[in-house]
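Single-structure report; data block below.
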Amino acid sequence: MIMPEKLQVLSQFLKSNPAFSGCQKEDLARLLANISVVKLAPGEVVCRSGEDANNLYYLLEGELQTTNKDQIKGPISGFFGEESALGMRSYIYDIEVVESAELVVLPLEAIVTLEAYSSFKQSLLDSFHSRLAGQTHIEVDLSPKREVEVGYRQIIGWLFAIITPLMIYWGLILSQQPLHQDAIYFASILGICSVMWIFRLLPDYVPGLFAVLSAVLLGITTSESAFSGFSSNSFFMALSILGLSAVIRSSGLSYRMLLHLLLIGPASKIWYNISFFSVGALLTPVVPTVNGRVTIVAPFLKDLLSGASKEAREQEGPRLKASLLFGASLLSPIFVSSKSVNFIVLGMLPQQVQQYFQWLDWLLAALVCGMVLLALYAVSLCWVYRNKQSLKLPKTTSLQQLKTLGSLNPAEWSSILGLIVLISALLFANIHRIEVAWVALAILFYLMMFGFLNPNQFRTKIDWSFLVFLGSLIGVVDIIHQVELDTWLTGKIYWLAAYMQQSLPLFVVLLAVIVSLIRLILPINATVIILATLLIPASIEVGVNPWVIGFLILFLSESFFWPFQASYYMQFLSLTTGIVTNDEAKLMRMNVLIYLFKLVAVYLSIPYWQSMGLI
């Protein structure tokens with residue numbers, strides 16, 4: 001039995017040692033019950049070369065030394081016996097006590113759970129490598145781990161989260177607004193959620209879940225209605241597409257697709273940019289998050305530029321980087337299945353409009369906008385990133401890479417089959433009359449049944465936080481309709497709705513300004529949801545097809561002028577760090593130009609929408 005004072009020593013050791021800094025406290029608490037402290041006398045041998053490596057050791061006090069004849073002799077400090085935790089069967093050192101020593105003994109059975117922590121394993125690897133290199137005395141910082149400080153932004157944000165709902169509640173009560181009590185309560189709840197989104201206090205999906213849960217607890221709506229988003233077609237459609245995209249990523253199909261594109265066209269920088277953009281564009285309809293697409297395509301930049309000269313990387317690298325980024329993000333509003341918020345906007349439309357604007361009809365209605373934007377983007381890309389540097393990579397490299405990949409594996413074939421079935425279901429929805437969401441779910445079932453999407457991938461490769469966000473926000477929108485908060489809010493902005501009816505071109509300019517201002521504070525999804533909640537009901541009142549308004553909000557909101565406004569941009573920069581440098585100014589210039597191009601694309605689409613009877 002370990003004495004209380006020894007338990008205190010062991011507890012402090014686990015808390016203060018940097019090797020355990022990344023481990024969960026629960027695992028450390030379990031470890032504490034299985035480790036021990038031992039005292040050894042001078043001359044005792046701790047471990048011998050060739051013995052089974054069953055324990056990891058740490059020297060608390062005293063002096064040890066290696067005694068191997070063929071190795072450097074010297075004092076030992078910190079961890080030793082790392083062989084046990086690194087998967088080696090036996091020790092390679094003889095270690096003997098020089099003076100009385102006090103050791104922490106960590107049995108292999110006790111530390112096996114810690115091997116999943118990369119920081120723990122890296123610490124032992126560094127220690128073991130240093131000892132192999134002859135550095136027998138290894139300094140370890142045992143100073144207490146610094147607690148994470150809460151910044152002023154978080155403090156101010158939480159203060160506003162407390163004050164804002166009270167101000168909304170009493171403001172609506174005292175102004176005697178014609179609102180039901182439930183509507184006032186839910187407006188206060190939405191105030192809290194808005195503050196959480198503005199100050200980034202919590203991940204986006206947490207405020208959404210808070211809103212529907214609070215509505216149920218306060219009796220504003222039933223649980224069936226509040227959580228209806230988790231049983232909606234949009235939820236299952238998104239889940240299925242996420243599962244399919246996970247198989248596409250893990251099978252290597254996306255990389256194979258890039259190699260084939262590089263082989264098809266000429267060995268020129270123009271074709272490389274087209275290939276990079278095309279990969280992101282082809283993934284847009286089937287990977288319903290920009291962050292997910294960015295994760296897939298970002299490694300391609302290093303793959304292509306690794307064989308290029310320094311001058312080519314510096315001059316043409318920035319344009320290739322832009323092609324990857326905009327290929328993954330530019331066409332997001334054009335495909336309904338490209339983002340979660342697109343599904344939410346679709347769910348806000350009246351039922352008959354939802355039925356009409358499924359995948360193919362949405363694409364046809366947005367086609368002119370997409371084509372004009374693509375044409376203007378291509379021109380601006382050539383102008384902003386103009387250079388005389390040539391870039392030609394031998395096709396033999398791509399061909400050899402394809403040979404290394406070998407023939408299509410079963411997972412890739414299944415991904416292709418899933419894509420064919422999904423696209424066919426979308427194209428011929430009016431013929432087979434089956435909800436596309438259930439076709440997509442059948443594809444997901446097939447992938448899981450035959451093991452192409454295994455349980456571990458199902459848990460880790462599908463973005464469950466995104467699905468919770470999607471389901472909760474669909475519920476939020478339903479509650480807003482139930483308490484008639486949208487009707488009241490629409491009356492407050494009727495001046496904007498009047499422009500929607502009288503002069504759509506002027507309304508587009510006003511909407512662009514409003515979106516730009518709101519995006520300085522709110523993230524993309526929150527901006528879209530708030531504006532769609534206000535303006536879609538107003539469009540119905542003035543006789544404008546609500547899809548047009550929903551699409552305009554999505555189209556204009558998918559822009560940013562500062563890096564913090566887009567999480568996928570920050571993620572992309574992180575994934576491509578060190579590959580291409582000094583290109584952020586040009587990327588920001590491209591963003592400004594693209595925002596202006598979007599206005600041009602909308603104006604050129606107005607006659608097209610009129611011919612379709614949408615306006």
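Here, A, B, ... name the chains of the structure tokens in the order displayed, residue numbers run from 1 inside each chain, and ligands are numbered from 1 in the same displayed order.
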Leaving out Ile536 of chain A and any residue of its chain fewer than 6 positions from it, which residues lie within 10 Å of it when counting only C-alpha atoms, given as an NGL selection string? :A and (345 or 348-350 or 486 or 490 or 497 or 544-550 or 553)
Val372 of chain A surroundings by only C-alpha atoms, 10 Å radius, close-in-sequence under 6 positions cut, as a list in words: Phe597, Lys598, Val600, Ala601, Val602, Leu604 and Ser605 of chain A
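Those residues that approach Val46 of chain A to within 8 Å, counting only C-alpha atoms, are A:Asp94, A:Ile95, A:Glu96, A:Val97; same-chain residues fewer than 5 positions away are not listed.
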Pairwise distance, atom CA of Arg89 of chain A with atom CA of Ser49 of chain A, equals 10.8 Å
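All residues of protein, DNA or RNA that reach within 9 Å of Asn525 of chain A, judged by only C-alpha atoms and not counting those fewer than 6 positions away in the chain, are Asp204, Ser340, Val341 and Ser557 of chain A.
From atom CA of Phe80 of chain A back to atom CA of Leu60 of chain A, the distance works out to 11.7 Å.
Atom pair atom CA of Gly418 of chain A / atom CA of Ile443 of chain A has a distance of 5.9 Å (rounded to one decimal).
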Shell around Ala440 of chain A at 12 Å using only C-alpha atoms, local window under 3 positions removed, as number ranges by chain: A: 233-245, 286, 337, 417-426, 434-437, 443-447
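Nearest to Ser194 of chain A of all the residues A:Leu174, A:Ser574, A:Ile344, A:Trp158 is A:Trp158, based on only C-alpha atoms.
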Would you pick out the contacts of Glu412 of chain A at 9 Å or less, using only C-alpha atoms, so that residues sharing its chain but fewer than 5 positions from it are not included, and give the list as a ChimeraX atom specification? /A:247-248,251-253,417
Could you save the residues just selected, with N, CA, C and O atoms, as a PDB file, in the first residue's frame?
ATOM      1  N   VAL A 247     -15.356   8.207 -47.686  1.00  0.00           N
ATOM      2  CA  VAL A 247     -14.809   7.084 -48.458  1.00  0.00           C
ATOM      3  C   VAL A 247     -13.972   7.597 -49.628  1.00  0.00           C
ATOM      4  O   VAL A 247     -12.915   7.044 -49.951  1.00  0.00           O
ATOM      5  N   ILE A 248     -14.422   8.680 -50.263  1.00  0.00           N
ATOM      6  CA  ILE A 248     -13.663   9.262 -51.370  1.00  0.00           C
ATOM      7  C   ILE A 248     -12.283   9.711 -50.886  1.00  0.00           C
ATOM      8  O   ILE A 248     -11.270   9.484 -51.549  1.00  0.00           O
ATOM      9  N   SER A 251     -10.100   6.508 -49.614  1.00  0.00           N
ATOM     10  CA  SER A 251      -9.752   5.551 -50.676  1.00  0.00           C
ATOM     11  C   SER A 251      -8.667   6.072 -51.605  1.00  0.00           C
ATOM     12  O   SER A 251      -8.049   5.304 -52.335  1.00  0.00           O
ATOM     13  N   GLY A 252      -8.432   7.393 -51.597  1.00  0.00           N
ATOM     14  CA  GLY A 252      -7.433   7.978 -52.488  1.00  0.00           C
ATOM     15  C   GLY A 252      -7.980   8.347 -53.856  1.00  0.00           C
ATOM     16  O   GLY A 252      -7.213   8.696 -54.757  1.00  0.00           O
ATOM     17  N   LEU A 253      -9.310   8.297 -54.018  1.00  0.00           N
ATOM     18  CA  LEU A 253      -9.904   8.589 -55.320  1.00  0.00           C
ATOM     19  C   LEU A 253      -9.656  10.030 -55.746  1.00  0.00           C
ATOM     20  O   LEU A 253      -9.410  10.298 -56.927  1.00  0.00           O
ATOM     21  N   LEU A 417     -19.249   4.245 -57.901  1.00  0.00           N
ATOM     22  CA  LEU A 417     -20.626   3.743 -58.027  1.00  0.00           C
ATOM     23  C   LEU A 417     -21.588   4.614 -57.229  1.00  0.00           C
ATOM     24  O   LEU A 417     -22.675   4.963 -57.709  1.00  0.00           O
TER      25      LEU A 417
END
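Residues of segment 19-55 of chain A assigned to alpha helix (DSSP H) by DSSP on this structure's backbone: Lys25, Glu26, Asp27, Leu28, Ala29, Arg30, Leu31 and Leu32 of chain A.
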May I have the selected residues written with N, CA, C and O atoms, as a compact mmCIF listing (two decimals), in the first residue's frame?
# COMPACT_ATOMS: atom_id res chain seq x y z
N LYS A 25 -7.12 14.10 -17.74
CA LYS A 25 -6.97 13.92 -16.30
C LYS A 25 -7.55 12.58 -15.83
O LYS A 25 -7.07 11.99 -14.87
N GLU A 26 -8.58 12.12 -16.52
CA GLU A 26 -9.18 10.84 -16.15
C GLU A 26 -8.17 9.71 -16.30
O GLU A 26 -8.06 8.82 -15.43
N ASP A 27 -7.42 9.73 -17.42
CA ASP A 27 -6.41 8.70 -17.64
C ASP A 27 -5.27 8.80 -16.64
O ASP A 27 -4.71 7.79 -16.20
N LEU A 28 -4.91 10.03 -16.26
CA LEU A 28 -3.85 10.21 -15.27
C LEU A 28 -4.30 9.73 -13.89
O LEU A 28 -3.51 9.17 -13.13
N ALA A 29 -5.58 9.95 -13.58
CA ALA A 29 -6.11 9.48 -12.30
C ALA A 29 -6.08 7.96 -12.22
O ALA A 29 -5.74 7.38 -11.18
N ARG A 30 -6.40 7.30 -13.32
CA ARG A 30 -6.34 5.83 -13.35
C ARG A 30 -4.88 5.37 -13.24
O ARG A 30 -4.59 4.36 -12.58
N LEU A 31 -3.98 6.09 -13.89
CA LEU A 31 -2.57 5.73 -13.85
C LEU A 31 -2.00 5.83 -12.45
O LEU A 31 -1.17 5.00 -12.03
N LEU A 32 -2.48 6.81 -11.68
CA LEU A 32 -1.97 7.03 -10.33
C LEU A 32 -2.15 5.80 -9.44
O LEU A 32 -1.32 5.52 -8.57
Could you give me, as JSON lines, a per-residue list for segment 177-284 of chain A showing, wherever an atom lies at most 12 Å from an atom of segment 294-304 of chain A, the closest pair of atoms and their distance in Å to one decimal, using only C-alpha atoms and sorting by chain then residue number from low to high?
{"residue": "A:Ser245", "atom": "CA", "partner": "A:Ile296", "partner_atom": "CA", "distance": 9.9}
{"residue": "A:Ala246", "atom": "CA", "partner": "A:Ile296", "partner_atom": "CA", "distance": 10.0}
{"residue": "A:Val247", "atom": "CA", "partner": "A:Ile296", "partner_atom": "CA", "distance": 11.8}
{"residue": "A:Ile248", "atom": "CA", "partner": "A:Ile296", "partner_atom": "CA", "distance": 9.6}
{"residue": "A:Arg249", "atom": "CA", "partner": "A:Ile296", "partner_atom": "CA", "distance": 6.7}
{"residue": "A:Ser250", "atom": "CA", "partner": "A:Ile296", "partner_atom": "CA", "distance": 9.7}
{"residue": "A:Ser251", "atom": "CA", "partner": "A:Ile296", "partner_atom": "CA", "distance": 11.7}
{"residue": "A:Gly252", "atom": "CA", "partner": "A:Ile296", "partner_atom": "CA", "distance": 9.8}
{"residue": "A:Leu253", "atom": "CA", "partner": "A:Ile296", "partner_atom": "CA", "distance": 10.6}
{"residue": "A:Ser254", "atom": "CA", "partner": "A:Ile296", "partner_atom": "CA", "distance": 7.6}
{"residue": "A:Tyr255", "atom": "CA", "partner": "A:Phe300", "partner_atom": "CA", "distance": 7.8}
{"residue": "A:Arg256", "atom": "CA", "partner": "A:Phe300", "partner_atom": "CA", "distance": 11.0}
{"residue": "A:Met257", "atom": "CA", "partner": "A:Val297", "partner_atom": "CA", "distance": 11.2}
{"residue": "A:Leu258", "atom": "CA", "partner": "A:Phe300", "partner_atom": "CA", "distance": 8.3}
{"residue": "A:Leu259", "atom": "CA", "partner": "A:Phe300", "partner_atom": "CA", "distance": 9.9}
{"residue": "A:Leu262", "atom": "CA", "partner": "A:Leu304", "partner_atom": "CA", "distance": 9.9}
{"residue": "A:Ala267", "atom": "CA", "partner": "A:Leu304", "partner_atom": "CA", "distance": 11.9}
{"residue": "A:Lys269", "atom": "CA", "partner": "A:Leu304", "partner_atom": "CA", "distance": 10.9}
{"residue": "A:Tyr272", "atom": "CA", "partner": "A:Leu304", "partner_atom": "CA", "distance": 8.8}
{"residue": "A:Asn273", "atom": "CA", "partner": "A:Leu301", "partner_atom": "CA", "distance": 10.5}
{"residue": "A:Ser275", "atom": "CA", "partner": "A:Phe300", "partner_atom": "CA", "distance": 10.5}
{"residue": "A:Phe276", "atom": "CA", "partner": "A:Val297", "partner_atom": "CA", "distance": 8.0}
{"residue": "A:Phe277", "atom": "CA", "partner": "A:Val297", "partner_atom": "CA", "distance": 9.5}
{"residue": "A:Ser278", "atom": "CA", "partner": "A:Val297", "partner_atom": "CA", "distance": 10.5}
{"residue": "A:Val279", "atom": "CA", "partner": "A:Val297", "partner_atom": "CA", "distance": 7.5}
{"residue": "A:Gly280", "atom": "CA", "partner": "A:Val297", "partner_atom": "CA", "distance": 6.8}
{"residue": "A:Ala281", "atom": "CA", "partner": "A:Val297", "partner_atom": "CA", "distance": 10.6}
{"residue": "A:Leu282", "atom": "CA", "partner": "A:Val297", "partner_atom": "CA", "distance": 11.2}
{"residue": "A:Leu283", "atom": "CA", "partner": "A:Ile296", "partner_atom": "CA", "distance": 9.1}
{"residue": "A:Thr284", "atom": "CA", "partner": "A:Val294", "partner_atom": "CA", "distance": 10.3}
Identify, on the basis of only C-alpha atoms, every residue whose closest approach to Thr487 of chain A does not exceed 12 Å; exclude the query and any residue fewer than 5 positions from it along the same chain; express the result as an mmCIF file with N, CA and C atoms, in the first residue's frame.
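Written output follows (part_26.cif):
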data_model
loop_
_atom_site.group_PDB
_atom_site.id
_atom_site.type_symbol
_atom_site.label_atom_id
_atom_site.label_comp_id
_atom_site.auth_asym_id
_atom_site.auth_seq_id
_atom_site.Cartn_x
_atom_site.Cartn_y
_atom_site.Cartn_z
ATOM 1 N N PRO A 178 -46.537 43.700 -30.266
ATOM 2 C CA PRO A 178 -47.607 42.696 -30.447
ATOM 3 C C PRO A 178 -47.040 41.289 -30.638
ATOM 4 N N LEU A 179 -46.394 40.801 -29.598
ATOM 5 C CA LEU A 179 -45.773 39.487 -29.663
ATOM 6 C C LEU A 179 -46.297 38.612 -28.541
ATOM 7 N N HIS A 180 -46.449 37.327 -28.864
ATOM 8 C CA HIS A 180 -46.821 36.352 -27.848
ATOM 9 C C HIS A 180 -45.654 36.177 -26.876
ATOM 10 N N ALA A 183 -42.859 34.099 -28.088
ATOM 11 C CA ALA A 183 -42.003 34.769 -29.067
ATOM 12 C C ALA A 183 -40.976 35.655 -28.376
ATOM 13 N N ILE A 480 -39.048 29.589 -34.920
ATOM 14 C CA ILE A 480 -39.280 30.986 -35.293
ATOM 15 C C ILE A 480 -40.601 31.121 -36.044
ATOM 16 N N HIS A 481 -40.886 30.173 -36.937
ATOM 17 C CA HIS A 481 -42.159 30.194 -37.662
ATOM 18 C C HIS A 481 -43.330 29.943 -36.712
ATOM 19 N N GLN A 482 -43.170 29.010 -35.791
ATOM 20 C CA GLN A 482 -44.261 28.658 -34.880
ATOM 21 C C GLN A 482 -44.683 29.830 -34.008
ATOM 22 N N LYS A 492 -40.796 44.838 -39.493
ATOM 23 C CA LYS A 492 -39.817 45.852 -39.100
ATOM 24 C C LYS A 492 -38.876 46.237 -40.236
ATOM 25 N N ILE A 493 -38.698 45.365 -41.211
ATOM 26 C CA ILE A 493 -37.786 45.672 -42.318
ATOM 27 C C ILE A 493 -38.550 45.773 -43.638
ATOM 28 N N TYR A 494 -39.810 46.185 -43.538
ATOM 29 C CA TYR A 494 -40.614 46.225 -44.756
ATOM 30 C C TYR A 494 -40.059 47.220 -45.772
ATOM 31 N N THR A 533 -34.073 34.342 -42.461
ATOM 32 C CA THR A 533 -35.253 34.340 -41.596
ATOM 33 C C THR A 533 -36.069 35.609 -41.774
ATOM 34 N N LEU A 534 -35.386 36.733 -42.007
ATOM 35 C CA LEU A 534 -36.082 38.006 -42.149
ATOM 36 C C LEU A 534 -36.620 38.220 -43.566
ATOM 37 N N LEU A 535 -35.821 37.875 -44.560
ATOM 38 C CA LEU A 535 -36.133 38.297 -45.920
ATOM 39 C C LEU A 535 -36.929 37.287 -46.738
ATOM 40 N N ILE A 536 -36.806 35.997 -46.434
ATOM 41 C CA ILE A 536 -37.570 35.010 -47.217
ATOM 42 C C ILE A 536 -39.076 35.188 -47.020
ATOM 43 N N PRO A 537 -39.576 35.351 -45.776
ATOM 44 C CA PRO A 537 -41.017 35.627 -45.635
ATOM 45 C C PRO A 537 -41.434 36.922 -46.335
ATOM 46 N N ALA A 538 -40.550 37.948 -46.296
ATOM 47 C CA ALA A 538 -40.869 39.215 -46.951
ATOM 48 C C ALA A 538 -40.984 39.042 -48.466
ATOM 49 N N SER A 539 -40.137 38.175 -49.034
ATOM 50 C CA SER A 539 -40.196 37.960 -50.483
ATOM 51 C C SER A 539 -41.521 37.341 -50.898
ATOM 52 N N ILE A 540 -42.046 36.475 -50.038
ATOM 53 C CA ILE A 540 -43.347 35.858 -50.336
ATOM 54 C C ILE A 540 -44.444 36.915 -50.336
ATOM 55 N N GLU A 541 -44.334 37.862 -49.400
ATOM 56 C CA GLU A 541 -45.335 38.925 -49.288
ATOM 57 C C GLU A 541 -45.362 39.813 -50.526
#
